[in-house]
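> Before anything else, here's the structure in question.
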Amino acid sequence: MTPKTHDEVDVSYNKIAIYGSRRQDSYLTELAGLFPLLKEAGFSVTVHSKLGTYLREHGVDLCGACMSTRFPDGAGLAISIGGDGTFLRTARWVGRDETPILGVNTGHLGFLSSCGIDELPGMLEAVCRGDVAVEKRMVLRVESDSLPFDIWPYALNEMAFLKEEGASMISVRTNVDGYFLAEYRADGLIVSTPTGSTAYNLAAGGPILKPTLDCVVLSPVAPHTLTVRPLVVGGDSELELTVESRTGAFRLSLDGRSYSLPAGEKVRIGRAEFSTMLIRSRQSNFATILRDKLLWNASKYDE
């Protein structure tokens, strides 16, 4: 029950925390079978209260599992049941604990997922045998005087600087490690981790990166200068961005959580002091994930 990452991180899985989307009507039979399995295996289980309440209302027996909105102390494994958005919320629930997360896909693409719900029992057996890989994924932190004090100032996928709805373009003056880089005139600017390179960054024309790389991508959204292109910088880079807008405000999105900030505000971005740990099957690799999720050469490999 102690798989290793390339950094030799020791993990104990006796205590499990489960977070999930409440849109699971098509998977209630599988979820109903999960909790007896966990109980029989001797796991101590905590379910996020919102998911637990939903499951109970739909007749699922939690088999003695606790319910809590707080991530349980000492949990060695988090299970995320849903799509990539659910995984991002699970990562926020785990917070700074660096507890490994097993993504179970009941959503759409599921880039962050390790298995489908029908594969979960076998994946749990692999976890118990230690026959899984644990990947360390970088997280970004943001600092700004105008952000609410009680927000979660981190992003696993990306931070996006965007114009307000109906507004004209914004101008984003960008410094990297204290040096002026560029002034992006565009509909927005995405600052993405390698994990987020297949999310908003990809839709904006940014590069796909191997998710364990140590770097950050800056990708403009609909730039008004044709020579402006996505740029990759080192993972330890410190960014300072100043956004100007004719409306006097802009939107800052942290993994989809959006906040309005005043124009002229300085926003600082750097590496967080913790990482998100993601569980993968040892049979999974970057190439097969891309082929499966993006359907690269699908007709050739489906023969």
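Following the order of the structure tokens, first chain is A, next is B, and so on, with residues numbered from 1 inside each chain and ligands from 1 in the order they appear.
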Extract, using only C-alpha atoms, all DNA, RNA and protein residues at most 8 Å from Gly83 in chain A, discarding same-chain residues fewer than 5 positions from it, and format them as a VMD selection string.
chain A and resid 21 104 to 110 112 to 113
> Those selected residues, please, written with all heavy atoms and delivered as a compact mmCIF listing (two decimals), in the first residue's frame.

# COMPACT_ATOMS: atom_id res chain seq x y z
N SER A 21 -19.04 14.98 -8.05
CA SER A 21 -20.13 15.73 -8.65
C SER A 21 -21.46 15.15 -8.19
O SER A 21 -21.58 13.93 -7.95
CB SER A 21 -20.03 15.65 -10.18
OG SER A 21 -21.23 16.02 -10.79
N VAL A 104 -11.78 9.56 -10.97
CA VAL A 104 -12.68 8.58 -11.57
C VAL A 104 -13.61 9.34 -12.51
O VAL A 104 -14.39 10.19 -12.08
CB VAL A 104 -13.50 7.84 -10.49
CG1 VAL A 104 -14.42 6.81 -11.13
CG2 VAL A 104 -12.56 7.17 -9.48
N ASN A 105 -13.54 9.05 -13.79
CA ASN A 105 -14.23 9.86 -14.78
C ASN A 105 -15.68 9.44 -14.97
O ASN A 105 -15.97 8.34 -15.41
CB ASN A 105 -13.50 9.79 -16.13
CG ASN A 105 -14.08 10.75 -17.15
OD1 ASN A 105 -14.59 11.81 -16.77
ND2 ASN A 105 -14.01 10.39 -18.41
N THR A 106 -16.60 10.36 -14.62
CA THR A 106 -18.00 10.21 -15.01
C THR A 106 -18.44 11.45 -15.78
O THR A 106 -19.63 11.75 -15.87
CB THR A 106 -18.91 10.01 -13.77
OG1 THR A 106 -18.80 11.15 -12.89
CG2 THR A 106 -18.53 8.75 -13.02
N GLY A 107 -17.44 12.19 -16.30
CA GLY A 107 -17.72 13.42 -17.04
C GLY A 107 -17.48 13.22 -18.52
O GLY A 107 -17.92 12.24 -19.12
N HIS A 108 -16.71 14.16 -19.12
CA HIS A 108 -16.49 14.14 -20.57
C HIS A 108 -15.07 13.67 -20.88
O HIS A 108 -14.77 12.49 -20.78
CB HIS A 108 -16.79 15.52 -21.15
CG HIS A 108 -18.22 15.95 -20.93
ND1 HIS A 108 -19.28 15.35 -21.58
CD2 HIS A 108 -18.77 16.89 -20.12
CE1 HIS A 108 -20.41 15.90 -21.20
NE2 HIS A 108 -20.13 16.85 -20.31
N LEU A 109 -14.16 14.58 -21.21
CA LEU A 109 -12.81 14.17 -21.61
C LEU A 109 -12.06 13.48 -20.48
O LEU A 109 -11.48 12.42 -20.66
CB LEU A 109 -12.02 15.38 -22.11
CG LEU A 109 -12.26 15.81 -23.55
CD1 LEU A 109 -11.46 17.06 -23.86
CD2 LEU A 109 -11.92 14.70 -24.52
N GLY A 110 -12.03 14.10 -19.32
CA GLY A 110 -11.38 13.46 -18.18
C GLY A 110 -9.88 13.34 -18.31
O GLY A 110 -9.32 12.27 -18.01
N LEU A 112 -7.73 14.49 -16.35
CA LEU A 112 -7.14 14.31 -15.02
C LEU A 112 -7.56 12.99 -14.36
O LEU A 112 -7.12 12.70 -13.25
CB LEU A 112 -7.54 15.49 -14.12
CG LEU A 112 -7.02 16.85 -14.57
CD1 LEU A 112 -7.63 17.96 -13.74
CD2 LEU A 112 -5.50 16.90 -14.49
N SER A 113 -8.39 12.23 -15.03
CA SER A 113 -8.89 10.99 -14.45
C SER A 113 -7.94 9.83 -14.71
O SER A 113 -7.22 9.81 -15.71
CB SER A 113 -10.27 10.66 -15.02
OG SER A 113 -11.19 11.68 -14.73
> Write out as a Markdown table the residues of range 14-88 of chain A that have any atom within 10 Å of an atom of range 276-300 of chain A, one row each with the nearest atom pair and its distance in Å to one decimal, counting only C-alpha atoms, sorted by chain and then rising number.

| residue | atom | partner | partner_atom | distance |
| --- | --- | --- | --- | --- |
| A:Leu77 | CA | A:Ile279 | CA | 9.4 |
| A:Ala78 | CA | A:Leu278 | CA | 9.6 |
| A:Ile79 | CA | A:Ile279 | CA | 9.7 |
| A:Phe87 | CA | A:Leu278 | CA | 9.9 |
| A:Leu88 | CA | A:Thr276 | CA | 9.9 |
> For those residues, write N, CA, C and O atoms to a file as a tab-separated table (two decimals), in the first residue's frame.

chain	number	residue	atom	x	y	z
A	77	LEU	N	-5.62	9.04	0.83
A	77	LEU	CA	-6.08	8.96	-0.55
A	77	LEU	C	-7.36	9.76	-0.69
A	77	LEU	O	-8.26	9.66	0.14
A	78	ALA	N	-7.44	10.55	-1.74
A	78	ALA	CA	-8.68	11.24	-2.12
A	78	ALA	C	-9.17	10.66	-3.43
A	78	ALA	O	-8.38	10.44	-4.35
A	79	ILE	N	-10.46	10.40	-3.51
A	79	ILE	CA	-11.08	9.91	-4.74
A	79	ILE	C	-11.99	11.00	-5.28
A	79	ILE	O	-12.85	11.50	-4.56
A	87	PHE	N	-12.39	17.29	-10.47
A	87	PHE	CA	-11.03	17.04	-9.98
A	87	PHE	C	-10.41	18.32	-9.45
A	87	PHE	O	-9.74	18.32	-8.41
A	88	LEU	N	-10.62	19.44	-10.15
A	88	LEU	CA	-10.07	20.72	-9.68
A	88	LEU	C	-10.66	21.10	-8.33
A	88	LEU	O	-9.96	21.62	-7.45
> Which value, in Å to one decimal, gives the distance between CA of Ile16 in chain A and CA of Glu135 in chain A?
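Rounded to one decimal, the two atoms are 18.4 Å apart.
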> Which residues are close to Val142 in chain A, i.e. within 8 Å by only C-alpha atoms, leaving aside same-chain residues fewer than 3 positions away? Reply as an NGL selection string.
:A and (153-154 or 267-270)
> Mind dumping the selected residues with N, CA and C atoms as a PDB file, in the first residue's frame?

ATOM      1  N   PRO A 153      -6.225  31.174  -3.355  1.00  0.00           N
ATOM      2  CA  PRO A 153      -5.463  31.908  -4.370  1.00  0.00           C
ATOM      3  C   PRO A 153      -4.539  31.025  -5.204  1.00  0.00           C
ATOM      4  N   TYR A 154      -5.005  29.856  -5.578  1.00  0.00           N
ATOM      5  CA  TYR A 154      -4.170  28.886  -6.289  1.00  0.00           C
ATOM      6  C   TYR A 154      -4.934  28.333  -7.488  1.00  0.00           C
ATOM      7  N   VAL A 267      -0.700  42.202 -10.410  1.00  0.00           N
ATOM      8  CA  VAL A 267      -0.977  40.827 -10.020  1.00  0.00           C
ATOM      9  C   VAL A 267       0.308  40.025 -10.158  1.00  0.00           C
ATOM     10  N   ARG A 268       0.687  39.330  -9.100  1.00  0.00           N
ATOM     11  CA  ARG A 268       1.925  38.547  -9.092  1.00  0.00           C
ATOM     12  C   ARG A 268       1.575  37.062  -9.100  1.00  0.00           C
ATOM     13  N   ILE A 269       2.290  36.313  -9.961  1.00  0.00           N
ATOM     14  CA  ILE A 269       2.044  34.874 -10.109  1.00  0.00           C
ATOM     15  C   ILE A 269       3.362  34.132  -9.981  1.00  0.00           C
ATOM     16  N   GLY A 270       3.347  33.038  -9.228  1.00  0.00           N
ATOM     17  CA  GLY A 270       4.527  32.195  -9.096  1.00  0.00           C
ATOM     18  C   GLY A 270       4.116  30.783  -8.703  1.00  0.00           C
TER      19      GLY A 270
END
> To one decimal place in Å, what is the distance between CA of Asn157 in chain A and CA of Val216 in chain A?
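Between CA of Asn157 in chain A and CA of Val216 in chain A the gap is 10.4 Å.
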> What is the distance, in Å and to one decimal place, between CA of Ala65 in chain A and CA of Gly42 in chain A?
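Answer for the CA of Ala65 in chain A to CA of Gly42 in chain A separation: 11.4 Å.
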> Write out as a list in words each polymer residue whose atoms come within 9 Å of range 196-198 of chain A, counting only C-alpha atoms; drop sequence neighbours fewer than 2 positions from it.
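Close residues of range 196-198 of chain A: Phe111, Leu156, Asn157, Glu158, Ser192, Thr193, Pro194, Tyr200, Asn201, Leu202, Ala203, Gly206, Pro207, Ile208, Leu209, Lys210, Pro211, Val217 and Asp255 of chain A.
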> Env of range 247-251 of chain A: 8 Å cut, atoms = only C-alpha atoms, seq-sep filter 6 positions within chain, self excluded. Answer as an MDAnalysis selection string.
chainID A and resid 160:164 167 170 258:263
> Name the closest residue to Phe35 in chain A among the candidates A:Ala182, A:Val60, A:Ala272, A:Ile81; distances are taken between atoms, counting only C-alpha atoms.
A:Val60
> Excluding same-chain residues fewer than 2 positions from Asp73 in chain A, what lies within 12 Å of it counting only C-alpha atoms, as number ranges by chain?
A: 15-17, 44-46, 68, 70-71, 75-78, 93-99
> Using only C-alpha atoms, which of the listed residues (A:Gly82, A:Leu34, A:Gly64, A:Tyr19) sits closest to Val47 in chain A?
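Using only C-alpha atoms, the shortest distance to Val47 in chain A belongs to A:Tyr19.
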> Near Leu218 in chain A, within 7 Å and counting only C-alpha atoms, which residues show up once chain neighbours fewer than 5 positions away are dropped, as a PyMOL selection string?
chain A and resi 189-192+230-232
> Output the selection as a short mmCIF file (atom, residue, chain, number, x, y, z; two decimals), in the first residue's frame - N, CA, C and O atoms for each residue.

data_model
loop_
_atom_site.label_atom_id
_atom_site.label_comp_id
_atom_site.auth_asym_id
_atom_site.auth_seq_id
_atom_site.Cartn_x
_atom_site.Cartn_y
_atom_site.Cartn_z
N LEU A 189 -5.28 36.94 -21.51
CA LEU A 189 -3.99 36.25 -21.43
C LEU A 189 -4.14 35.10 -20.45
O LEU A 189 -4.60 35.29 -19.32
N ILE A 190 -3.74 33.91 -20.88
CA ILE A 190 -3.82 32.70 -20.05
C ILE A 190 -2.42 32.37 -19.53
O ILE A 190 -1.47 32.31 -20.31
N VAL A 191 -2.31 32.17 -18.24
CA VAL A 191 -1.08 31.69 -17.62
C VAL A 191 -1.37 30.27 -17.14
O VAL A 191 -2.13 30.07 -16.19
N SER A 192 -0.80 29.29 -17.82
CA SER A 192 -1.19 27.90 -17.63
C SER A 192 -0.04 27.04 -17.10
O SER A 192 1.12 27.24 -17.47
N PRO A 230 2.15 32.12 -28.17
CA PRO A 230 2.34 31.54 -26.85
C PRO A 230 3.82 31.40 -26.52
O PRO A 230 4.65 31.15 -27.40
N LEU A 231 4.14 31.51 -25.23
CA LEU A 231 5.53 31.48 -24.76
C LEU A 231 5.62 30.57 -23.54
O LEU A 231 4.78 30.63 -22.65
N VAL A 232 6.66 29.74 -23.51
CA VAL A 232 6.91 28.86 -22.37
C VAL A 232 8.08 29.42 -21.57
O VAL A 232 9.14 29.71 -22.13
#
> Residues of range 177-250 of chain A in strand (DSSP E or B) according to DSSP, as a PyMOL selection string?
chain A and resi 179-186+188-192+215-221+231-234+239-244+249-250
> Go ahead and save the residues from that selection, with N, CA, C and O atoms, as a short mmCIF file (atom, residue, chain, number, x, y, z; two decimals), in the first residue's frame.

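File written: result-v8.cif
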data_model
loop_
_atom_site.label_atom_id
_atom_site.label_comp_id
_atom_site.auth_asym_id
_atom_site.auth_seq_id
_atom_site.Cartn_x
_atom_site.Cartn_y
_atom_site.Cartn_z
N TYR A 179 11.95 41.52 -15.45
CA TYR A 179 12.27 42.10 -16.75
C TYR A 179 10.99 42.25 -17.57
O TYR A 179 10.15 41.35 -17.63
N PHE A 180 10.85 43.38 -18.24
CA PHE A 180 9.69 43.60 -19.10
C PHE A 180 9.73 42.64 -20.29
O PHE A 180 10.74 42.54 -20.99
N LEU A 181 8.62 41.93 -20.50
CA LEU A 181 8.52 40.98 -21.61
C LEU A 181 7.73 41.56 -22.77
O LEU A 181 8.21 41.66 -23.89
N ALA A 182 6.46 41.90 -22.50
CA ALA A 182 5.59 42.36 -23.58
C ALA A 182 4.36 43.02 -22.98
O ALA A 182 4.03 42.81 -21.82
N GLU A 183 3.70 43.78 -23.83
CA GLU A 183 2.38 44.31 -23.48
C GLU A 183 1.38 43.66 -24.41
O GLU A 183 1.33 43.98 -25.61
N TYR A 184 0.64 42.70 -23.88
CA TYR A 184 -0.31 41.95 -24.69
C TYR A 184 -1.59 42.77 -24.86
O TYR A 184 -2.25 43.11 -23.87
N ARG A 185 -1.95 43.07 -26.10
CA ARG A 185 -3.25 43.67 -26.40
C ARG A 185 -4.10 42.56 -27.01
O ARG A 185 -3.85 42.11 -28.12
N ALA A 186 -5.08 42.12 -26.24
CA ALA A 186 -5.82 40.92 -26.62
C ALA A 186 -7.13 40.87 -25.85
O ALA A 186 -7.41 41.72 -24.99
N GLY A 188 -7.58 38.51 -23.86
CA GLY A 188 -7.16 37.96 -22.58
C GLY A 188 -5.77 37.36 -22.66
O GLY A 188 -5.17 37.29 -23.74
N LEU A 189 -5.28 36.94 -21.51
CA LEU A 189 -3.99 36.25 -21.43
C LEU A 189 -4.14 35.10 -20.45
O LEU A 189 -4.60 35.29 -19.32
N ILE A 190 -3.74 33.91 -20.88
CA ILE A 190 -3.82 32.70 -20.05
C ILE A 190 -2.42 32.37 -19.53
O ILE A 190 -1.47 32.31 -20.31
N VAL A 191 -2.31 32.17 -18.24
CA VAL A 191 -1.08 31.69 -17.62
C VAL A 191 -1.37 30.27 -17.14
O VAL A 191 -2.13 30.07 -16.19
N SER A 192 -0.80 29.29 -17.82
CA SER A 192 -1.19 27.90 -17.63
C SER A 192 -0.04 27.04 -17.10
O SER A 192 1.12 27.24 -17.47
N CYS A 215 7.35 24.05 -16.00
CA CYS A 215 7.30 25.26 -16.81
C CYS A 215 5.90 25.87 -16.71
O CYS A 215 4.98 25.29 -16.13
N VAL A 216 5.77 27.06 -17.30
CA VAL A 216 4.51 27.80 -17.33
C VAL A 216 4.34 28.33 -18.74
O VAL A 216 5.31 28.73 -19.40
N VAL A 217 3.10 28.35 -19.23
CA VAL A 217 2.80 28.83 -20.58
C VAL A 217 2.00 30.12 -20.50
O VAL A 217 1.03 30.21 -19.74
N LEU A 218 2.40 31.12 -21.29
CA LEU A 218 1.63 32.34 -21.46
C LEU A 218 1.02 32.33 -22.85
O LEU A 218 1.74 32.34 -23.85
N SER A 219 -0.32 32.28 -22.92
CA SER A 219 -1.00 32.19 -24.21
C SER A 219 -2.01 33.32 -24.33
O SER A 219 -2.98 33.39 -23.56
N PRO A 220 -1.82 34.23 -25.29
CA PRO A 220 -2.80 35.30 -25.48
C PRO A 220 -4.09 34.77 -26.10
O PRO A 220 -4.07 33.80 -26.87
N VAL A 221 -5.20 35.40 -25.74
CA VAL A 221 -6.50 35.05 -26.30
C VAL A 221 -6.86 36.10 -27.36
O VAL A 221 -7.03 37.27 -27.04
N LEU A 231 4.14 31.51 -25.23
CA LEU A 231 5.53 31.48 -24.76
C LEU A 231 5.62 30.57 -23.54
O LEU A 231 4.78 30.63 -22.65
N VAL A 232 6.66 29.74 -23.51
CA VAL A 232 6.91 28.86 -22.37
C VAL A 232 8.08 29.42 -21.57
O VAL A 232 9.14 29.71 -22.13
N VAL A 233 7.88 29.57 -20.24
CA VAL A 233 8.94 30.03 -19.35
C VAL A 233 9.14 29.00 -18.25
O VAL A 233 8.33 28.08 -18.07
N GLY A 234 10.21 29.14 -17.49
CA GLY A 234 10.53 28.17 -16.45
C GLY A 234 9.52 28.15 -15.31
O GLY A 234 8.85 29.14 -15.02
N LEU A 239 6.07 36.12 -12.23
CA LEU A 239 5.41 36.99 -13.20
C LEU A 239 4.72 38.14 -12.48
O LEU A 239 4.13 37.95 -11.40
N GLU A 240 4.78 39.31 -13.09
CA GLU A 240 4.02 40.45 -12.59
C GLU A 240 3.25 41.03 -13.77
O GLU A 240 3.83 41.40 -14.79
N LEU A 241 1.93 41.09 -13.62
CA LEU A 241 1.08 41.54 -14.71
C LEU A 241 0.25 42.74 -14.26
O LEU A 241 -0.30 42.74 -13.14
N THR A 242 0.17 43.73 -15.14
CA THR A 242 -0.65 44.91 -14.89
C THR A 242 -1.63 45.04 -16.04
O THR A 242 -1.21 45.11 -17.21
N VAL A 243 -2.91 45.05 -15.72
CA VAL A 243 -3.95 45.02 -16.75
C VAL A 243 -4.63 46.38 -16.84
O VAL A 243 -5.06 46.94 -15.83
N GLU A 244 -4.73 46.90 -18.06
CA GLU A 244 -5.47 48.13 -18.31
C GLU A 244 -6.69 47.81 -19.17
O GLU A 244 -6.64 46.95 -20.06
N ALA A 249 -11.99 47.86 -15.31
CA ALA A 249 -11.93 46.60 -14.56
C ALA A 249 -11.66 45.47 -15.54
O ALA A 249 -11.81 45.60 -16.76
N PHE A 250 -11.26 44.32 -15.00
CA PHE A 250 -11.06 43.11 -15.80
C PHE A 250 -11.42 41.90 -14.94
O PHE A 250 -11.66 42.02 -13.73
#
